[in-house]
$ cat protein21.pdb   # PDB, C-alpha atoms
ATOM      1  CA  MET K   8      73.301 -23.530  40.221  1.00  0.00           C
ATOM      2  CA  ASN K   9      75.031 -22.123  37.191  1.00  0.00           C
ATOM      3  CA  LYS K  10      77.547 -19.282  37.463  1.00  0.00           C
ATOM      4  CA  ILE K  11      75.063 -16.638  36.341  1.00  0.00           C
ATOM      5  CA  ASP K  12      72.565 -17.571  39.057  1.00  0.00           C
ATOM      6  CA  VAL K  13      75.300 -17.709  41.687  1.00  0.00           C
ATOM      7  CA  ASN K  14      76.581 -14.273  40.678  1.00  0.00           C
ATOM      8  CA  LYS K  15      73.053 -12.821  40.766  1.00  0.00           C
ATOM      9  CA  ALA K  16      72.459 -14.265  44.235  1.00  0.00           C
ATOM     10  CA  ILE K  17      75.685 -12.734  45.543  1.00  0.00           C
ATOM     11  CA  ILE K  18      74.988  -9.340  43.980  1.00  0.00           C
ATOM     12  CA  GLU K  19      71.464  -9.302  45.409  1.00  0.00           C
ATOM     13  CA  ALA K  20      72.775 -10.110  48.885  1.00  0.00           C
ATOM     14  CA  LEU K  21      75.384  -7.351  48.689  1.00  0.00           C
ATOM     15  CA  LYS K  22      72.840  -4.798  47.495  1.00  0.00           C
ATOM     16  CA  LYS K  23      70.455  -5.772  50.279  1.00  0.00           C
ATOM     17  CA  GLU K  24      73.113  -5.133  52.904  1.00  0.00           C
ATOM     18  CA  PHE K  25      74.906  -2.096  51.505  1.00  0.00           C
ATOM     19  CA  GLU K  26      72.516  -0.107  49.318  1.00  0.00           C
ATOM     20  CA  TYR K  27      70.070   2.514  50.526  1.00  0.00           C
ATOM     21  CA  ARG K  28      68.828   6.042  49.921  1.00  0.00           C
ATOM     22  CA  GLU K  29      68.036   8.408  52.777  1.00  0.00           C
ATOM     23  CA  GLU K  30      67.095  12.037  52.121  1.00  0.00           C
ATOM     24  CA  ASP K  31      70.103  13.541  50.280  1.00  0.00           C
ATOM     25  CA  TYR K  32      72.373  10.535  50.866  1.00  0.00           C
ATOM     26  CA  ASP K  33      72.783   7.615  48.447  1.00  0.00           C
ATOM     27  CA  GLN K  34      74.920   4.531  49.013  1.00  0.00           C
ATOM     28  CA  TRP K  35      75.384   1.753  46.500  1.00  0.00           C
ATOM     29  CA  VAL K  36      77.544  -1.219  45.547  1.00  0.00           C
ATOM     30  CA  MET K  37      79.872   0.172  42.906  1.00  0.00           C
ATOM     31  CA  GLY K  38      81.579  -3.151  42.245  1.00  0.00           C
ATOM     32  CA  ALA K  39      81.991  -6.755  43.331  1.00  0.00           C
ATOM     33  CA  SER K  40      84.349  -9.569  42.428  1.00  0.00           C
ATOM     34  CA  ILE K  41      84.588 -13.188  43.547  1.00  0.00           C
ATOM     35  CA  LYS K  42      87.031 -16.050  44.048  1.00  0.00           C
ATOM     36  CA  GLN K  43      85.427 -19.449  44.467  1.00  0.00           C
ATOM     37  CA  ASP K  44      86.490 -22.332  46.687  1.00  0.00           C
ATOM     38  CA  GLU K  45      86.950 -25.245  44.286  1.00  0.00           C
ATOM     39  CA  VAL K  46      85.200 -27.723  46.592  1.00  0.00           C
ATOM     40  CA  ALA K  47      82.466 -25.917  48.496  1.00  0.00           C
ATOM     41  CA  GLN K  48      79.966 -23.272  47.399  1.00  0.00           C
ATOM     42  CA  GLU K  49      81.986 -20.743  49.322  1.00  0.00           C
ATOM     43  CA  PHE K  50      83.390 -17.537  47.917  1.00  0.00           C
ATOM     44  CA  ARG K  51      85.793 -14.787  48.798  1.00  0.00           C
ATOM     45  CA  VAL K  52      84.085 -11.598  47.710  1.00  0.00           C
ATOM     46  CA  LYS K  53      85.530  -8.135  47.282  1.00  0.00           C
ATOM     47  CA  VAL K  54      82.943  -5.352  47.380  1.00  0.00           C
ATOM     48  CA  ILE K  55      83.414  -1.615  46.933  1.00  0.00           C
ATOM     49  CA  VAL K  56      80.811   0.834  48.168  1.00  0.00           C
ATOM     50  CA  HIS K  57      80.333   4.376  46.926  1.00  0.00           C
ATOM     51  CA  THR K  58      78.224   7.237  48.262  1.00  0.00           C
ATOM     52  CA  SER K  59      76.807  10.449  46.898  1.00  0.00           C
ATOM     53  CA  GLU K  60      78.785  12.444  49.473  1.00  0.00           C
ATOM     54  CA  SER K  61      82.294  11.556  48.350  1.00  0.00           C
ATOM     55  CA  ILE K  62      84.372  10.903  45.242  1.00  0.00           C
ATOM     56  CA  TYR K  63      86.174   8.143  47.168  1.00  0.00           C
ATOM     57  CA  THR K  64      85.163   4.566  47.939  1.00  0.00           C
ATOM     58  CA  ASP K  65      85.473   1.982  50.697  1.00  0.00           C
ATOM     59  CA  GLY K  66      86.100  -1.705  50.094  1.00  0.00           C
ATOM     60  CA  MET K  67      85.878  -4.941  52.025  1.00  0.00           C
ATOM     61  CA  GLU K  68      86.711  -8.585  51.435  1.00  0.00           C
ATOM     62  CA  LEU K  69      84.352 -11.104  53.016  1.00  0.00           C
ATOM     63  CA  GLU K  70      83.201 -14.703  52.877  1.00  0.00           C
ATOM     64  CA  VAL K  71      79.922 -15.600  51.187  1.00  0.00           C
ATOM     65  CA  THR K  72      78.149 -18.945  50.978  1.00  0.00           C
ATOM     66  CA  VAL K  73      75.455 -19.822  48.463  1.00  0.00           C
ATOM     67  CA  VAL K  74      72.900 -22.473  49.425  1.00  0.00           C
ATOM     68  CA  ASP K  75      69.706 -23.247  47.489  1.00  0.00           C
ATOM     69  CA  GLY K  76      70.065 -20.111  45.445  1.00  0.00           C
ATOM     70  CA  VAL K  77      70.453 -17.789  48.435  1.00  0.00           C
ATOM     71  CA  ALA K  78      73.711 -16.004  49.231  1.00  0.00           C
ATOM     72  CA  LYS K  79      74.626 -15.402  52.851  1.00  0.00           C
ATOM     73  CA  LEU K  80      77.341 -12.992  53.943  1.00  0.00           C
ATOM     74  CA  GLU K  81      79.650 -13.883  56.798  1.00  0.00           C
ATOM     75  CA  GLU K  82      78.315 -13.018  60.237  1.00  0.00           C
ATOM     76  CA  ASP K  83      79.278  -9.724  61.850  1.00  0.00           C
ATOM     77  CA  PHE K  84      81.016  -8.549  58.676  1.00  0.00           C
ATOM     78  CA  PHE K  85      79.981  -4.987  59.504  1.00  0.00           C
ATOM     79  CA  GLU K  86      82.265  -5.066  62.538  1.00  0.00           C
ATOM     80  CA  LYS K  87      85.334  -5.589  60.354  1.00  0.00           C
ATOM     81  CA  THR K  88      87.630  -2.736  59.417  1.00  0.00           C
ATOM     82  CA  PRO K  89      87.329  -2.032  55.678  1.00  0.00           C
ATOM     83  CA  ASP K  90      90.248  -3.198  53.550  1.00  0.00           C
ATOM     84  CA  LEU K  91      89.984   0.027  51.580  1.00  0.00           C
ATOM     85  CA  MET K  92      89.089   3.358  53.130  1.00  0.00           C
ATOM     86  CA  GLY K  93      88.786   6.578  51.163  1.00  0.00           C
ATOM     87  CA  SER K  94      90.218   4.994  48.034  1.00  0.00           C
ATOM     88  CA  PRO K  95      90.078   6.694  44.608  1.00  0.00           C
ATOM     89  CA  VAL K  96      87.755   4.836  42.248  1.00  0.00           C
ATOM     90  CA  LYS K  97      90.627   3.903  39.927  1.00  0.00           C
ATOM     91  CA  ASP K  98      92.579   2.235  42.744  1.00  0.00           C
ATOM     92  CA  ALA K  99      89.464   0.501  44.058  1.00  0.00           C
ATOM     93  CA  ILE K 100      88.813  -1.037  40.623  1.00  0.00           C
ATOM     94  CA  LYS K 101      92.408  -2.324  40.515  1.00  0.00           C
ATOM     95  CA  TRP K 102      91.880  -3.930  43.909  1.00  0.00           C
ATOM     96  CA  LEU K 103      88.576  -5.417  42.733  1.00  0.00           C
ATOM     97  CA  ARG K 104      90.241  -6.995  39.709  1.00  0.00           C
ATOM     98  CA  GLU K 105      92.359  -9.249  41.915  1.00  0.00           C
ATOM     99  CA  PHE K 106      89.278 -11.521  41.755  1.00  0.00           C
ATOM    100  CA  LYS K 107      86.777 -12.052  38.919  1.00  0.00           C
ATOM    101  CA  ILE K 108      84.535  -8.992  38.542  1.00  0.00           C
ATOM    102  CA  ILE K 109      80.816  -9.848  38.512  1.00  0.00           C
ATOM    103  CA  HIS K 110      79.302  -6.387  39.019  1.00  0.00           C
ATOM    104  CA  LEU K 111      80.134  -2.778  38.175  1.00  0.00           C
ATOM    105  CA  GLN K 112      77.864   0.200  38.753  1.00  0.00           C
ATOM    106  CA  LEU K 113      79.966   3.338  38.424  1.00  0.00           C
ATOM    107  CA  LEU K 114      76.986   5.689  38.232  1.00  0.00           C
ATOM    108  CA  ASN K 115      74.525   6.384  41.027  1.00  0.00           C
ATOM    109  CA  PRO K 116      71.622   3.968  40.320  1.00  0.00           C
ATOM    110  CA  TYR K 117      69.161   6.073  42.306  1.00  0.00           C
ATOM    111  CA  GLU K 118      69.851   9.163  40.197  1.00  0.00           C
ATOM    112  CA  TYR K 119      69.748   7.084  37.012  1.00  0.00           C
ATOM    113  CA  ASN K 120      66.307   5.729  37.894  1.00  0.00           C
ATOM    114  CA  ILE K 121      65.038   9.258  38.526  1.00  0.00           C
ATOM    115  CA  TYR K 122      66.124  10.279  35.023  1.00  0.00           C
ATOM    116  CA  LEU K 123      64.337   7.240  33.577  1.00  0.00           C
ATOM    117  CA  GLN K 124      61.150   8.027  35.497  1.00  0.00           C
ATOM    118  CA  ARG K 125      61.152  11.595  34.172  1.00  0.00           C
ATOM    119  CA  LEU K 126      61.679  10.340  30.624  1.00  0.00           C
ATOM    120  CA  GLU K 127      58.835   7.840  30.941  1.00  0.00           C
ATOM    121  CA  GLU K 128      56.529  10.573  32.245  1.00  0.00           C
ATOM    122  CA  VAL K 129      57.264  13.187  29.590  1.00  0.00           C
ATOM    123  CA  ILE K 130      57.060  10.761  26.667  1.00  0.00           C
ATOM    124  CA  LYS K 131      53.517   9.861  27.770  1.00  0.00           C
ATOM    125  CA  GLU K 132      52.493  13.314  26.557  1.00  0.00           C
ATOM    126  CA  TYR K 133      53.215  12.209  22.989  1.00  0.00           C
ATOM    127  CA  SER K 134      51.112   9.667  21.093  1.00  0.00           C
ATOM    128  CA  PHE K 135      53.546   8.695  18.338  1.00  0.00           C
ATOM    129  CA  LYS K 136      54.233   5.010  17.720  1.00  0.00           C
ATOM    130  CA  THR K 137      57.143   5.774  15.395  1.00  0.00           C
ATOM    131  CA  LEU K 138      58.915   8.961  14.292  1.00  0.00           C
ATOM    132  CA  SER K 139      57.453   8.691  10.779  1.00  0.00           C
ATOM    133  CA  ASP K 140      55.542  11.999  11.111  1.00  0.00           C
ATOM    134  CA  TYR K 141      58.542  13.940  12.451  1.00  0.00           C
ATOM    135  CA  ASN K 142      61.118  15.895  10.465  1.00  0.00           C
ATOM    136  CA  LEU K 143      63.320  18.985  10.752  1.00  0.00           C
ATOM    137  CA  GLU K 144      61.119  21.275   8.665  1.00  0.00           C
ATOM    138  CA  SER K 145      57.727  20.760  10.324  1.00  0.00           C
ATOM    139  CA  THR K 146      56.055  23.646  12.160  1.00  0.00           C
ATOM    140  CA  ASN K 147      52.799  21.885  13.119  1.00  0.00           C
ATOM    141  CA  GLY K 148      53.897  20.078  16.278  1.00  0.00           C
ATOM    142  CA  THR K 149      55.912  17.335  14.614  1.00  0.00           C
ATOM    143  CA  ASN K 150      59.280  19.033  14.503  1.00  0.00           C
ATOM    144  CA  LEU K 151      62.020  16.565  15.432  1.00  0.00           C
ATOM    145  CA  GLU K 152      64.260  19.105  17.150  1.00  0.00           C
ATOM    146  CA  ASN K 153      61.386  20.403  19.277  1.00  0.00           C
ATOM    147  CA  LEU K 154      60.369  16.870  20.245  1.00  0.00           C
ATOM    148  CA  TYR K 155      63.810  15.915  21.516  1.00  0.00           C
ATOM    149  CA  GLN K 156      64.373  19.276  23.151  1.00  0.00           C
ATOM    150  CA  ASP K 157      61.213  18.812  25.207  1.00  0.00           C
ATOM    151  CA  LEU K 158      61.981  15.184  26.060  1.00  0.00           C
ATOM    152  CA  LEU K 159      65.534  15.960  27.137  1.00  0.00           C
ATOM    153  CA  GLN K 160      64.870  19.173  29.041  1.00  0.00           C
ATOM    154  CA  GLU K 161      62.116  17.526  31.062  1.00  0.00           C
ATOM    155  CA  THR K 162      64.341  14.484  31.688  1.00  0.00           C
ATOM    156  CA  LEU K 163      67.591  16.242  32.561  1.00  0.00           C
ATOM    157  CA  LEU K 164      66.038  19.415  34.039  1.00  0.00           C
ATOM    158  CA  LYS K 165      68.655  21.388  32.132  1.00  0.00           C
ATOM    159  CA  ASN K 166      68.614  23.775  29.196  1.00  0.00           C
ATOM    160  CA  VAL K 167      69.130  21.753  26.040  1.00  0.00           C
ATOM    161  CA  LYS K 168      69.915  22.937  22.532  1.00  0.00           C
ATOM    162  CA  ILE K 169      69.295  20.672  19.531  1.00  0.00           C
ATOM    163  CA  GLU K 170      70.924  21.052  16.118  1.00  0.00           C
ATOM    164  CA  GLY K 171      69.586  18.574  13.576  1.00  0.00           C
ATOM    165  CA  VAL K 172      71.056  17.462  10.255  1.00  0.00           C
ATOM    166  CA  LYS K 173      69.299  15.330   7.649  1.00  0.00           C
ATOM    167  CA  LEU K 174      71.591  12.468   6.633  1.00  0.00           C
ATOM    168  CA  SER K 175      69.297  10.791   4.122  1.00  0.00           C
ATOM    169  CA  LEU K 176      65.602  10.161   3.560  1.00  0.00           C
ATOM    170  CA  GLY K 177      64.097   9.527   7.010  1.00  0.00           C
ATOM    171  CA  GLU K 178      67.473   9.540   8.780  1.00  0.00           C
ATOM    172  CA  TYR K 179      68.788  12.359  10.976  1.00  0.00           C
ATOM    173  CA  GLU K 180      71.665  13.232  13.264  1.00  0.00           C
ATOM    174  CA  LEU K 181      70.892  15.389  16.280  1.00  0.00           C
ATOM    175  CA  LYS K 182      73.615  17.315  18.063  1.00  0.00           C
ATOM    176  CA  VAL K 183      72.502  17.719  21.674  1.00  0.00           C
ATOM    177  CA  ILE K 184      74.215  20.479  23.642  1.00  0.00           C
ATOM    178  CA  VAL K 185      73.977  20.293  27.450  1.00  0.00           C
ATOM    179  CA  ASP K 186      76.056  22.525  29.738  1.00  0.00           C
ATOM    180  CA  GLY K 187      78.306  23.400  26.798  1.00  0.00           C
ATOM    181  CA  LYS K 188      79.040  19.749  25.982  1.00  0.00           C
ATOM    182  CA  SER K 189      77.910  17.990  22.826  1.00  0.00           C
ATOM    183  CA  TYR K 190      76.285  14.572  22.529  1.00  0.00           C
ATOM    184  CA  TYR K 191      74.920  12.927  19.412  1.00  0.00           C
ATOM    185  CA  LEU K 192      71.785  10.971  18.559  1.00  0.00           C
ATOM    186  CA  ASN K 193      70.996   9.218  15.292  1.00  0.00           C
ATOM    187  CA  CYS K 194      67.294   8.743  14.678  1.00  0.00           C
ATOM    188  CA  ARG K 195      65.183   7.310  11.868  1.00  0.00           C
ATOM    189  CA  SER K 196      61.577   7.706  10.831  1.00  0.00           C
ATOM    190  CA  SER K 197      61.056   4.022  11.629  1.00  0.00           C
ATOM    191  CA  ASP K 198      62.235   4.376  15.242  1.00  0.00           C
ATOM    192  CA  THR K 199      59.593   3.259  17.746  1.00  0.00           C
ATOM    193  CA  ARG K 200      58.926   4.820  21.154  1.00  0.00           C
ATOM    194  CA  GLU K 201      60.951   2.000  22.705  1.00  0.00           C
ATOM    195  CA  ILE K 202      63.933   2.764  20.463  1.00  0.00           C
ATOM    196  CA  VAL K 203      63.667   6.489  21.232  1.00  0.00           C
ATOM    197  CA  ILE K 204      63.778   5.733  24.967  1.00  0.00           C
ATOM    198  CA  GLU K 205      66.732   3.340  24.632  1.00  0.00           C
ATOM    199  CA  GLU K 206      68.716   5.780  22.492  1.00  0.00           C
ATOM    200  CA  ILE K 207      68.135   8.622  24.940  1.00  0.00           C
ATOM    201  CA  LYS K 208      69.188   6.376  27.841  1.00  0.00           C
ATOM    202  CA  ASN K 209      72.373   5.138  26.163  1.00  0.00           C
ATOM    203  CA  GLU K 210      73.465   8.180  24.177  1.00  0.00           C
ATOM    204  CA  ILE K 211      72.358  11.045  26.429  1.00  0.00           C
ATOM    205  CA  ILE K 212      71.455  10.127  30.022  1.00  0.00           C
ATOM    206  CA  ILE K 213      74.431   7.861  30.742  1.00  0.00           C
ATOM    207  CA  PRO K 214      77.041  10.109  29.052  1.00  0.00           C
ATOM    208  CA  VAL K 215      75.635  13.190  30.820  1.00  0.00           C
ATOM    209  CA  MET K 216      75.810  11.368  34.159  1.00  0.00           C
ATOM    210  CA  GLU K 217      79.373  10.276  33.386  1.00  0.00           C
ATOM    211  CA  ASP K 218      80.377  13.863  32.677  1.00  0.00           C
ATOM    212  CA  ILE K 219      78.721  15.077  35.878  1.00  0.00           C
ATOM    213  CA  GLU K 220      80.658  12.397  37.789  1.00  0.00           C
ATOM    214  CA  ALA K 221      83.907  13.419  36.107  1.00  0.00           C
ATOM    215  CA  ASP K 222      83.304  17.116  36.772  1.00  0.00           C
ATOM    216  CA  SER K 223      82.663  16.433  40.461  1.00  0.00           C
ATOM    217  CA  ASN K 224      85.995  14.624  40.755  1.00  0.00           C
ATOM    218  CA  SER K 225      88.937  16.735  41.848  1.00  0.00           C
ATOM    219  CA  ASN K 226      91.010  14.841  39.276  1.00  0.00           C
ATOM    220  CA  ASN K 227      88.821  14.601  36.185  1.00  0.00           C
ATOM    221  CA  THR K 228      91.140  12.117  34.469  1.00  0.00           C
ATOM    222  CA  ASN K 229      90.494   9.615  37.251  1.00  0.00           C
ATOM    223  CA  TYR K 230      87.007   8.696  36.063  1.00  0.00           C
ATOM    224  CA  GLU K 231      88.022   8.498  32.382  1.00  0.00           C
ATOM    225  CA  ASN K 232      90.972   6.260  33.246  1.00  0.00           C
ATOM    226  CA  THR K 233      88.665   4.075  35.309  1.00  0.00           C
ATOM    227  CA  LYS K 234      86.332   3.522  32.335  1.00  0.00           C
ATOM    228  CA  GLU K 235      89.308   2.471  30.206  1.00  0.00           C
ATOM    229  CA  MET K 236      90.170  -0.256  32.715  1.00  0.00           C
ATOM    230  CA  ILE K 237      86.797  -1.986  32.434  1.00  0.00           C
TER     231      ILE K 237
END
$ encode --input "protein21.pdb" --output "structure tokens"
Amino acid sequence: MNKIDVNKAIIEALKKEFEYREEDYDQWVMGASIKQDEVAQEFRVKVIVHTSESIYTDGMELEVTVVDGVAKLEEDFFEKTPDLMGSPVKDAIKWLREFKIIHLQLLNPYEYNIYLQRLEEVIKEYSFKTLSDYNLESTNGTNLENLYQDLLQETLLKNVKIEGVKLSLGEYELKVIVDGKSYYLNCRSSDTREIVIEEIKNEIIIPVMEDIEADSNSNNTNYENTKEMI
């Protein structure tokens, strides 16, 4: 097996054991790193687990073997005392980096998927293949600001204000204001539905989630400093 396949097998095994959602509680693998035995397909693996109930993380180091593409965690690992308990994210990432990092998921994947599902649902209400019919001046249902305001409000379930500026023919910059914070989208008349979705994911959903995470942290610089380490 190549390194990519081995890493995927280990990540899948960790997610299977540690990740779940139950009512208002989410638990996920925030990060994993590995150190390989040079002879056998055996690994020392550091894993940090985060939950929706706390800004802190727990971490554990365990043995993992990979045979025929399947990763197996050491037996009775759940009976071990965690190596990290109630650790700030920044410190947990430092601990993780003692080995080679193969996985990082700082944001809650369950919440992220909910945002994506909402976006997919609301965009179905529109039939455009590209944004060629949309502009800032239109009042007949093809106004660019109104389109993005609807898409984003239905996705984020928040009040959203859009301020658009025409940069050149068929090219626009949209200032998106959510909870008093500003985010920016560049869009073109040639943008397809797929591009619209990707831009909203990368430029709005993820940054908004990052800001929510930072705001929920008692030390808001902790999350920003963590991102700089990666």
$ resolve_selection --input "protein21.pdb" --expression "the PyMOL selection byres ((chain K and resi 25) around 8)" --output "ChimeraX atom specification"
/K:21-24,26-27,34-36,56
$ write_last_selection --input "protein21.pdb" --atoms "C-alpha atoms" --output "mmCIF file, keeping the file's coordinate frame"
data_model
loop_
_atom_site.group_PDB
_atom_site.id
_atom_site.type_symbol
_atom_site.label_atom_id
_atom_site.label_comp_id
_atom_site.auth_asym_id
_atom_site.auth_seq_id
_atom_site.Cartn_x
_atom_site.Cartn_y
_atom_site.Cartn_z
ATOM 1 C CA LEU K 21 75.384 -7.351 48.689
ATOM 2 C CA LYS K 22 72.840 -4.798 47.495
ATOM 3 C CA LYS K 23 70.455 -5.772 50.279
ATOM 4 C CA GLU K 24 73.113 -5.133 52.904
ATOM 5 C CA GLU K 26 72.516 -0.107 49.318
ATOM 6 C CA TYR K 27 70.070 2.514 50.526
ATOM 7 C CA GLN K 34 74.920 4.531 49.013
ATOM 8 C CA TRP K 35 75.384 1.753 46.500
ATOM 9 C CA VAL K 36 77.544 -1.219 45.547
ATOM 10 C CA VAL K 56 80.811 0.834 48.168
#
$ resolve_selection --input "protein21.pdb" --expression "the PyMOL selection byres ((chain K and resi 57) around 9)" --output "list of chain:residue names"
K:Asp33, K:Gln34, K:Trp35, K:Val36, K:Met37, K:Gly38, K:Ile55, K:Val56, K:Thr58, K:Ser59, K:Glu60, K:Ser61, K:Ile62, K:Tyr63, K:Thr64, K:Asp65, K:Gly66, K:Val96, K:Leu113, K:Asn115
$ atom_distance --input "protein21.pdb" --atom1 "atom CA of Gly76 of chain K" --atom2 "atom CA of Ala16 of chain K"
6.4 Å
$ resolve_selection --input "protein21.pdb" --expression "the PyMOL selection byres ((chain K and resi 39) around 6)" --output "list in words"
Gly38, Ser40, Lys53, Val54, Ile108, Ile109 and His110 of chain K
$ closest_residue --input "protein21.pdb" --among "K:Asp157, K:Asp90, K:Asp222, K:Glu49" --to "Lys188 of chain K" --atoms "all atoms listed in the file"
K:Asp222
$ atom_distance --input "protein21.pdb" --atom1 "atom CA of Tyr119 of chain K" --atom2 "atom CA of Pro214 of chain K"
11.2 Å
$ closest_residue --input "protein21.pdb" --among "K:Asn147, K:Asn209, K:Ser139, K:Ser134" --to "Leu176 of chain K" --atoms "only C-alpha atoms"
K:Ser139
$ atom_distance --input "protein21.pdb" --atom1 "atom CA of Glu127 of chain K" --atom2 "atom CA of Glu201 of chain K"
10.3 Å
$ closest_residue --input "protein21.pdb" --among "K:Glu118, K:Tyr133, K:Ser175, K:Thr149" --to "Val215 of chain K" --atoms "all atoms listed in the file"
K:Glu118
$ build_atoms --input "protein21.pdb" --residues "segment 137-152 of chain K" --atoms "N, CA and C atoms" --output "PDB file, in the coordinates of the input"
ATOM      1  N   THR K 137      55.829   5.656  16.019  1.00  0.00           N
ATOM      2  CA  THR K 137      57.143   5.774  15.395  1.00  0.00           C
ATOM      3  C   THR K 137      57.380   7.254  15.100  1.00  0.00           C
ATOM      4  N   LEU K 138      58.575   7.580  14.621  1.00  0.00           N
ATOM      5  CA  LEU K 138      58.915   8.961  14.292  1.00  0.00           C
ATOM      6  C   LEU K 138      58.583   9.308  12.849  1.00  0.00           C
ATOM      7  N   SER K 139      57.731   8.520  12.208  1.00  0.00           N
ATOM      8  CA  SER K 139      57.453   8.691  10.779  1.00  0.00           C
ATOM      9  C   SER K 139      56.865  10.070  10.440  1.00  0.00           C
ATOM     10  N   ASP K 140      56.154  10.698  11.382  1.00  0.00           N
ATOM     11  CA  ASP K 140      55.542  11.999  11.111  1.00  0.00           C
ATOM     12  C   ASP K 140      56.462  13.168  11.440  1.00  0.00           C
ATOM     13  N   TYR K 141      57.651  12.879  11.997  1.00  0.00           N
ATOM     14  CA  TYR K 141      58.542  13.940  12.451  1.00  0.00           C
ATOM     15  C   TYR K 141      59.660  14.212  11.449  1.00  0.00           C
ATOM     16  N   ASN K 142      60.001  15.493  11.313  1.00  0.00           N
ATOM     17  CA  ASN K 142      61.118  15.895  10.465  1.00  0.00           C
ATOM     18  C   ASN K 142      61.664  17.223  10.977  1.00  0.00           C
ATOM     19  N   LEU K 143      62.679  17.748  10.297  1.00  0.00           N
ATOM     20  CA  LEU K 143      63.320  18.985  10.752  1.00  0.00           C
ATOM     21  C   LEU K 143      62.616  20.244  10.273  1.00  0.00           C
ATOM     22  N   GLU K 144      61.755  20.104   9.262  1.00  0.00           N
ATOM     23  CA  GLU K 144      61.119  21.275   8.665  1.00  0.00           C
ATOM     24  C   GLU K 144      59.750  21.576   9.253  1.00  0.00           C
ATOM     25  N   SER K 145      59.110  20.626   9.883  1.00  0.00           N
ATOM     26  CA  SER K 145      57.727  20.760  10.324  1.00  0.00           C
ATOM     27  C   SER K 145      57.550  21.905  11.326  1.00  0.00           C
ATOM     28  N   THR K 146      56.406  22.577  11.210  1.00  0.00           N
ATOM     29  CA  THR K 146      56.055  23.646  12.160  1.00  0.00           C
ATOM     30  C   THR K 146      54.704  23.395  12.809  1.00  0.00           C
ATOM     31  N   ASN K 147      54.156  22.170  12.623  1.00  0.00           N
ATOM     32  CA  ASN K 147      52.799  21.885  13.119  1.00  0.00           C
ATOM     33  C   ASN K 147      52.795  20.916  14.299  1.00  0.00           C
ATOM     34  N   GLY K 148      53.855  20.946  15.100  1.00  0.00           N
ATOM     35  CA  GLY K 148      53.897  20.078  16.278  1.00  0.00           C
ATOM     36  C   GLY K 148      54.625  18.783  16.063  1.00  0.00           C
ATOM     37  N   THR K 149      55.168  18.573  14.875  1.00  0.00           N
ATOM     38  CA  THR K 149      55.912  17.335  14.614  1.00  0.00           C
ATOM     39  C   THR K 149      57.346  17.645  14.187  1.00  0.00           C
ATOM     40  N   ASN K 150      57.895  18.687  14.782  1.00  0.00           N
ATOM     41  CA  ASN K 150      59.280  19.033  14.503  1.00  0.00           C
ATOM     42  C   ASN K 150      60.198  18.167  15.360  1.00  0.00           C
ATOM     43  N   LEU K 151      61.157  17.527  14.743  1.00  0.00           N
ATOM     44  CA  LEU K 151      62.020  16.565  15.432  1.00  0.00           C
ATOM     45  C   LEU K 151      62.887  17.238  16.490  1.00  0.00           C
ATOM     46  N   GLU K 152      63.430  18.401  16.175  1.00  0.00           N
ATOM     47  CA  GLU K 152      64.260  19.105  17.150  1.00  0.00           C
ATOM     48  C   GLU K 152      63.447  19.509  18.375  1.00  0.00           C
TER      49      GLU K 152
END
